[in-house]
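Student: Here it is, the structure, as structure tokens.
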Amino acid sequence: MALRTRALLGEGPTWDGARQRLVWVDILNSRVHTFDPAGGARTVMAAGQHVGAAKPREGGGLVVNLRDGIGLYGTDGAFSWLHREVVLGRRGNDAAVAPDGALWAGTMPYGEQPGGGDLKRVTGDGTAATVLPEVTVSNGIGWSPDGSLMYYNDTPTRRIDVFDVSGPEVAGRRTFAEIEEGAGYPDGLTVDAEGAVWVALWDGGAVRRYTPDGRLDRVVTLPVRRPTACAFGGTELRDLYVTTASVGADPAASPLAGSLLVLPGAGQGLAQPAFAG
């Protein structure tokens with residue numbers, strides 16, 4: 001365990017290489033967390049509304065995927081909207097920064113109605129384009145080491161899909177891996193230096209690793225039922241951090257639910273780009 005907390009819906013761990021800290025969110029408590037594993041320092045910031053993801057910006061500060069759109073925090077903590085889009089009954093969910101510095105930000109309906117969410121690409125000047133309309137729970141976005149492939153989860157489908165990447169466009173959507181019934185649902189993911197995909201399984205109590213050809217080659221069982229996402233961090237990017245949820249969990253039966261977990265030396269991660277805005 002890296003940090004014992006009781007996050008309702010911990011999500012979106014991201015290693016901030018410039019500041020040597022992990023950034024993650026508690027969506028339903030509207031909090032953005034940072035944690036320095038070397039020194040133990042941590043911060044907690046109130047976001048003001050449900051926050052699906054927080055990612056480092058090139059010049060410092062954070063870009064956040066909020067209920068009502070994409071916002072920016074400066075290094076002084078000052079907030080501004082980059083792309084505001086209020087849709088009743090919908091919130092921001094998982095997001096990731098592409099190799100070109102654009103933010104790919106997903107949304108989902110609170111009631112998880114089929115097709116009620118989407119996936120957008122947002123550039124540093126606030127230009128937003130819908131890439132995938134009519135998804136249900138937009139989750140798990142990541143790129144292959146050479147940037148030629150993008151992986152993506154629409155959680156209720158139980159699939160990890162993969163796209164071919166050409167500049168800012170993606171095409172050729174196809175199934176990369178399927179999660180069998182009873183094994184949980186694919187939530188957040190990360191891609192390691194070998195091009196393998198690590199995915200957290202909501203209601204599955206595990207993290208899985210799939211090789212670049214889609215073969216399952218590792219299953220790590222966790223002491224919680226609802227891991228939500230994973231990311232490599234630490235000075236050498238070899239430790240896998242896993243966010244978890246306490247929502248729906250019995251504290252007596254699952255005391256670590258909602259904590260930030262770590263799997264030391266799990267693999268070799270990739271440095272993540274910062275948002276170019």
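Ordering of the structure tokens sets the chain letters (A, B, ...); residue numbers start at 1 within each chain; ligands are numbered from 1 in the order shown.
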Which residues of stretch 153-200 of chain A come within 10 Å of stretch 112-132 of chain A, and what is each one's closest atom pair and distance in Å (one decimal), counting only C-alpha atoms, sorted by chain and residue number, as a tab-separated table?

Tutor:
```
residue	atom	partner	partner_atom	distance
A:Asp154	CA	A:Asp118	CA	9.6
A:Pro156	CA	A:Pro114	CA	8.9
A:Pro168	CA	A:Arg121	CA	8.3
A:Glu169	CA	A:Val131	CA	8.0
A:Val170	CA	A:Val131	CA	8.0
A:Ala171	CA	A:Val131	CA	9.9
```

Student: Can you pull out every residue within 6 Å of A:Met108, counting only C-alpha atoms, but drop anything in the same chain fewer than 4 positions away, and send it as a PDB file with C-alpha atoms, in the first residue's frame?

Tutor:
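New file selection-v3.pdb:
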```
ATOM      1  CA  ARG A  90     -23.316  14.072 -17.270  1.00  0.00           C
ATOM      2  CA  ARG A  91     -19.799  14.497 -15.868  1.00  0.00           C
ATOM      3  CA  GLY A 117     -21.189   9.971 -22.936  1.00  0.00           C
ATOM      4  CA  THR A 136     -21.509   4.943 -22.106  1.00  0.00           C
ATOM      5  CA  VAL A 137     -18.648   5.064 -19.576  1.00  0.00           C
TER       6      VAL A 137
END
```

Student: Can you list, as a PyMOL selection string, every protein, DNA or RNA residue that comes within 7 Å of A:Met45 when you count only C-alpha atoms, leaving out same-chain residues fewer than 3 positions away?

Tutor: chain A and resi 31-33

Student: So which residues of stretch 123-168 of chain A fall under strand (DSSP E) by DSSP, listed as a VMD selection string?

Tutor: chain A and resid 128 to 135 138 to 143 149 to 154 159 to 166

Student: Store the residues picked out above, limited to N, CA, C and O atoms, as a compact mmCIF listing (two decimals), in the first residue's frame.

Tutor:
```txt
# COMPACT_ATOMS: atom_id res chain seq x y z
N ALA A 128 -12.12 22.04 -29.06
CA ALA A 128 -12.59 20.70 -28.69
C ALA A 128 -13.29 20.05 -29.88
O ALA A 128 -14.11 20.69 -30.56
N ALA A 129 -12.96 18.79 -30.13
CA ALA A 129 -13.60 18.03 -31.21
C ALA A 129 -14.03 16.68 -30.66
O ALA A 129 -13.25 16.00 -29.98
N THR A 130 -15.27 16.30 -30.93
CA THR A 130 -15.75 14.99 -30.49
C THR A 130 -15.17 13.91 -31.38
O THR A 130 -15.35 13.93 -32.59
N VAL A 131 -14.47 12.98 -30.76
CA VAL A 131 -13.85 11.87 -31.50
C VAL A 131 -14.78 10.66 -31.50
O VAL A 131 -14.97 10.02 -32.52
N LEU A 132 -15.34 10.35 -30.34
CA LEU A 132 -16.26 9.22 -30.22
C LEU A 132 -17.55 9.69 -29.55
O LEU A 132 -17.56 9.99 -28.35
N PRO A 133 -18.64 9.77 -30.30
CA PRO A 133 -19.92 10.09 -29.68
C PRO A 133 -20.59 8.81 -29.15
O PRO A 133 -20.16 7.70 -29.47
N GLU A 134 -21.58 8.97 -28.33
CA GLU A 134 -22.45 7.88 -27.92
C GLU A 134 -21.71 6.69 -27.30
O GLU A 134 -21.93 5.54 -27.64
N VAL A 135 -20.81 7.01 -26.37
CA VAL A 135 -20.23 5.96 -25.53
C VAL A 135 -20.97 6.01 -24.19
O VAL A 135 -21.74 6.93 -23.92
N SER A 138 -16.89 6.36 -20.62
CA SER A 138 -15.60 6.57 -21.30
C SER A 138 -14.48 6.41 -20.29
O SER A 138 -14.45 7.06 -19.25
N ASN A 139 -13.53 5.53 -20.59
CA ASN A 139 -12.48 5.16 -19.64
C ASN A 139 -11.20 4.80 -20.37
O ASN A 139 -11.16 4.75 -21.61
N GLY A 140 -10.14 4.54 -19.60
CA GLY A 140 -8.94 3.87 -20.06
C GLY A 140 -8.38 4.26 -21.41
O GLY A 140 -8.57 3.57 -22.39
N ILE A 141 -7.65 5.37 -21.48
CA ILE A 141 -7.06 5.84 -22.74
C ILE A 141 -5.54 5.75 -22.64
O ILE A 141 -4.95 6.18 -21.63
N GLY A 142 -4.89 5.22 -23.66
CA GLY A 142 -3.43 5.14 -23.65
C GLY A 142 -2.89 4.90 -25.04
O GLY A 142 -3.61 4.43 -25.93
N TRP A 143 -1.60 5.21 -25.25
CA TRP A 143 -0.96 5.10 -26.55
C TRP A 143 0.21 4.13 -26.51
O TRP A 143 0.89 4.00 -25.48
N LEU A 149 -0.69 3.59 -32.07
CA LEU A 149 -1.92 2.94 -31.64
C LEU A 149 -2.48 3.65 -30.41
O LEU A 149 -1.72 4.14 -29.58
N MET A 150 -3.81 3.69 -30.32
CA MET A 150 -4.46 4.21 -29.12
C MET A 150 -5.40 3.14 -28.58
O MET A 150 -6.16 2.53 -29.34
N TYR A 151 -5.33 2.91 -27.27
CA TYR A 151 -6.19 1.94 -26.60
C TYR A 151 -7.29 2.68 -25.86
O TYR A 151 -7.08 3.79 -25.35
N TYR A 152 -8.46 2.04 -25.75
CA TYR A 152 -9.61 2.74 -25.19
C TYR A 152 -10.62 1.75 -24.62
O TYR A 152 -10.85 0.69 -25.22
N ASN A 153 -11.22 2.14 -23.48
CA ASN A 153 -12.26 1.32 -22.87
C ASN A 153 -13.57 2.09 -22.79
O ASN A 153 -13.59 3.21 -22.24
N ASP A 154 -14.64 1.52 -23.30
CA ASP A 154 -16.00 1.93 -22.93
C ASP A 154 -16.44 0.81 -21.99
O ASP A 154 -16.81 -0.29 -22.42
N ARG A 159 -14.69 -4.65 -23.25
CA ARG A 159 -13.63 -4.74 -24.25
C ARG A 159 -12.58 -3.67 -24.02
O ARG A 159 -12.89 -2.56 -23.58
N ILE A 160 -11.34 -4.01 -24.36
CA ILE A 160 -10.32 -3.01 -24.62
C ILE A 160 -10.23 -2.90 -26.13
O ILE A 160 -9.96 -3.90 -26.81
N ASP A 161 -10.48 -1.73 -26.67
CA ASP A 161 -10.41 -1.53 -28.11
C ASP A 161 -9.10 -0.84 -28.47
O ASP A 161 -8.47 -0.18 -27.63
N VAL A 162 -8.71 -0.95 -29.73
CA VAL A 162 -7.50 -0.31 -30.20
C VAL A 162 -7.80 0.38 -31.53
O VAL A 162 -8.61 -0.10 -32.33
N PHE A 163 -7.16 1.54 -31.73
CA PHE A 163 -7.32 2.34 -32.95
C PHE A 163 -5.95 2.57 -33.57
O PHE A 163 -4.93 2.62 -32.88
N ASP A 164 -5.93 2.78 -34.88
CA ASP A 164 -4.75 3.28 -35.56
C ASP A 164 -4.74 4.80 -35.44
O ASP A 164 -5.79 5.45 -35.57
N VAL A 165 -3.58 5.38 -35.21
CA VAL A 165 -3.44 6.81 -35.02
C VAL A 165 -2.76 7.43 -36.23
O VAL A 165 -1.71 6.96 -36.68
N SER A 166 -3.34 8.51 -36.74
CA SER A 166 -2.74 9.28 -37.81
C SER A 166 -2.91 10.76 -37.48
O SER A 166 -3.99 11.32 -37.65
```

Student: When you look at A:Leu240 with a cut-off of 8 Å (counting only C-alpha atoms), what residues show up, excluding the ones that are within fewer than 6 positions of it in the same chain? I need them as a CSV table (one decimal) with N, CA and C atoms, in the first residue's frame.

Tutor:
```
chain,number,residue,atom,x,y,z
A,230,CYS,N,-4.5,2.5,-13.2
A,230,CYS,CA,-3.2,2.2,-12.9
A,230,CYS,C,-2.2,3.0,-13.7
A,231,ALA,N,-1.0,3.3,-13.1
A,231,ALA,CA,0.0,4.1,-13.8
A,231,ALA,C,1.3,3.8,-13.2
A,232,PHE,N,2.4,3.8,-14.0
A,232,PHE,CA,3.7,3.6,-13.5
A,232,PHE,C,4.3,5.0,-13.0
A,233,GLY,N,5.0,4.9,-11.9
A,233,GLY,CA,5.6,6.1,-11.3
A,233,GLY,C,6.9,5.7,-10.6
A,262,VAL,N,0.3,0.3,-4.4
A,262,VAL,CA,1.5,0.3,-5.2
A,262,VAL,C,2.1,-1.1,-5.4
A,263,LEU,N,2.5,-1.5,-6.6
A,263,LEU,CA,3.1,-2.8,-6.9
A,263,LEU,C,4.6,-2.4,-7.3
A,264,PRO,N,5.5,-2.5,-6.3
A,264,PRO,CA,6.9,-2.1,-6.6
A,264,PRO,C,7.5,-3.0,-7.6
A,265,GLY,N,8.3,-2.4,-8.6
A,265,GLY,CA,9.0,-3.1,-9.6
A,265,GLY,C,8.1,-4.0,-10.5
A,266,ALA,N,6.9,-3.5,-10.8
A,266,ALA,CA,6.0,-4.3,-11.6
A,266,ALA,C,6.4,-4.4,-13.0
A,267,GLY,N,7.1,-3.4,-13.5
A,267,GLY,CA,7.5,-3.4,-14.9
A,267,GLY,C,8.2,-2.1,-15.2
```

Student: For A:Lys55, which of A:Thr14, A:Thr5, A:Asn29, A:Gln20 is the closest residue, counting only C-alpha atoms?

Tutor: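 With only C-alpha atoms as the atom set, the closest residue is A:Thr14.
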
Student: For a test of reading the model, state the distance in Å between atom CA of A:Ser144 and atom CA of A:Gly12, rounded to one decimal.

Tutor: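 These two atoms are separated by 18.1 Å.
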
Student: May I ask which of the residues A:Pro273, A:Val97, A:Val224, A:Glu181 is the closest one to A:Gly258, counting only C-alpha atoms?

Tutor: A:Val224

Student: Any idea what's packed within 6 Å of stretch 189-206 of chain A, counting only C-alpha atoms, ignoring anything in its chain fewer than 6 positions away? Could you give it as a PyMOL selection string?

Tutor: chain A and resi 140+142+144-145+183+212+220-222+224-231+268-270

Student: Please save N, CA and C atoms of the selected residues as a short mmCIF file (atom, residue, chain, number, x, y, z; two decimals), in the first residue's frame.

Tutor:
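Heads up, here's the output in selection.cif:
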```cif
data_model
loop_
_atom_site.label_atom_id
_atom_site.label_comp_id
_atom_site.auth_asym_id
_atom_site.auth_seq_id
_atom_site.Cartn_x
_atom_site.Cartn_y
_atom_site.Cartn_z
N GLY A 140 -10.14 4.54 -19.60
CA GLY A 140 -8.94 3.87 -20.06
C GLY A 140 -8.38 4.26 -21.41
N GLY A 142 -4.89 5.22 -23.66
CA GLY A 142 -3.43 5.14 -23.65
C GLY A 142 -2.89 4.90 -25.04
N SER A 144 0.46 3.49 -27.63
CA SER A 144 1.61 2.60 -27.75
C SER A 144 2.89 3.43 -27.67
N PRO A 145 4.03 2.79 -27.38
CA PRO A 145 5.28 3.55 -27.24
C PRO A 145 5.64 4.40 -28.45
N ALA A 183 -15.30 -11.60 -14.55
CA ALA A 183 -13.94 -11.18 -14.21
C ALA A 183 -13.84 -9.68 -13.95
N PRO A 212 1.40 -6.90 -26.45
CA PRO A 212 0.96 -6.10 -27.59
C PRO A 212 0.10 -6.86 -28.60
N VAL A 220 -2.65 -9.72 -11.49
CA VAL A 220 -2.25 -9.37 -10.13
C VAL A 220 -3.52 -9.19 -9.31
N THR A 221 -3.75 -10.10 -8.36
CA THR A 221 -4.92 -10.01 -7.50
C THR A 221 -4.68 -8.97 -6.42
N LEU A 222 -5.69 -8.15 -6.16
CA LEU A 222 -5.58 -7.04 -5.22
C LEU A 222 -6.48 -7.25 -4.01
N VAL A 224 -8.71 -5.43 -2.84
CA VAL A 224 -9.93 -4.64 -2.96
C VAL A 224 -10.71 -5.15 -4.17
N ARG A 225 -12.01 -4.95 -4.16
CA ARG A 225 -12.84 -5.42 -5.27
C ARG A 225 -12.90 -4.43 -6.43
N ARG A 226 -12.67 -3.14 -6.10
CA ARG A 226 -12.87 -2.13 -7.13
C ARG A 226 -11.64 -1.27 -7.38
N PRO A 227 -10.59 -1.86 -7.98
CA PRO A 227 -9.51 -1.01 -8.50
C PRO A 227 -10.05 -0.24 -9.69
N THR A 228 -9.54 0.97 -9.88
CA THR A 228 -10.11 1.83 -10.91
C THR A 228 -9.15 2.19 -12.05
N ALA A 229 -7.87 2.32 -11.75
CA ALA A 229 -6.92 2.73 -12.77
C ALA A 229 -5.51 2.45 -12.28
N CYS A 230 -4.55 2.48 -13.21
CA CYS A 230 -3.16 2.19 -12.85
C CYS A 230 -2.21 3.04 -13.68
N ALA A 231 -1.04 3.31 -13.12
CA ALA A 231 -0.02 4.09 -13.82
C ALA A 231 1.33 3.80 -13.21
N GLN A 268 8.19 -1.70 -16.51
CA GLN A 268 8.86 -0.45 -16.91
C GLN A 268 7.86 0.42 -17.63
N GLY A 269 7.56 1.57 -17.03
CA GLY A 269 6.58 2.46 -17.60
C GLY A 269 7.19 3.42 -18.61
N LEU A 270 6.33 4.25 -19.17
CA LEU A 270 6.71 5.28 -20.12
C LEU A 270 6.49 6.65 -19.50
#
```

Student: Between atom CA of A:Thr34 and atom CA of A:Gln272, what is the distance, to one decimal in Å?

Tutor: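 Value for the atom CA of A:Thr34-atom CA of A:Gln272 distance: 16.0 Å.
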
Student: Excluding A:Leu216 and residues on its chain fewer than 5 positions from it, collect all residues at most 12 Å away from it, counting only C-alpha atoms, and give them as a PyMOL selection string.

Tutor: chain A and resi 176-180+196-199+207-211

Student: Grab the atom CA of A:Pro99 to atom CA of A:Tyr241 distance for me, in Å with one decimal place.

Tutor: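 A separation of 21.1 Å between them.
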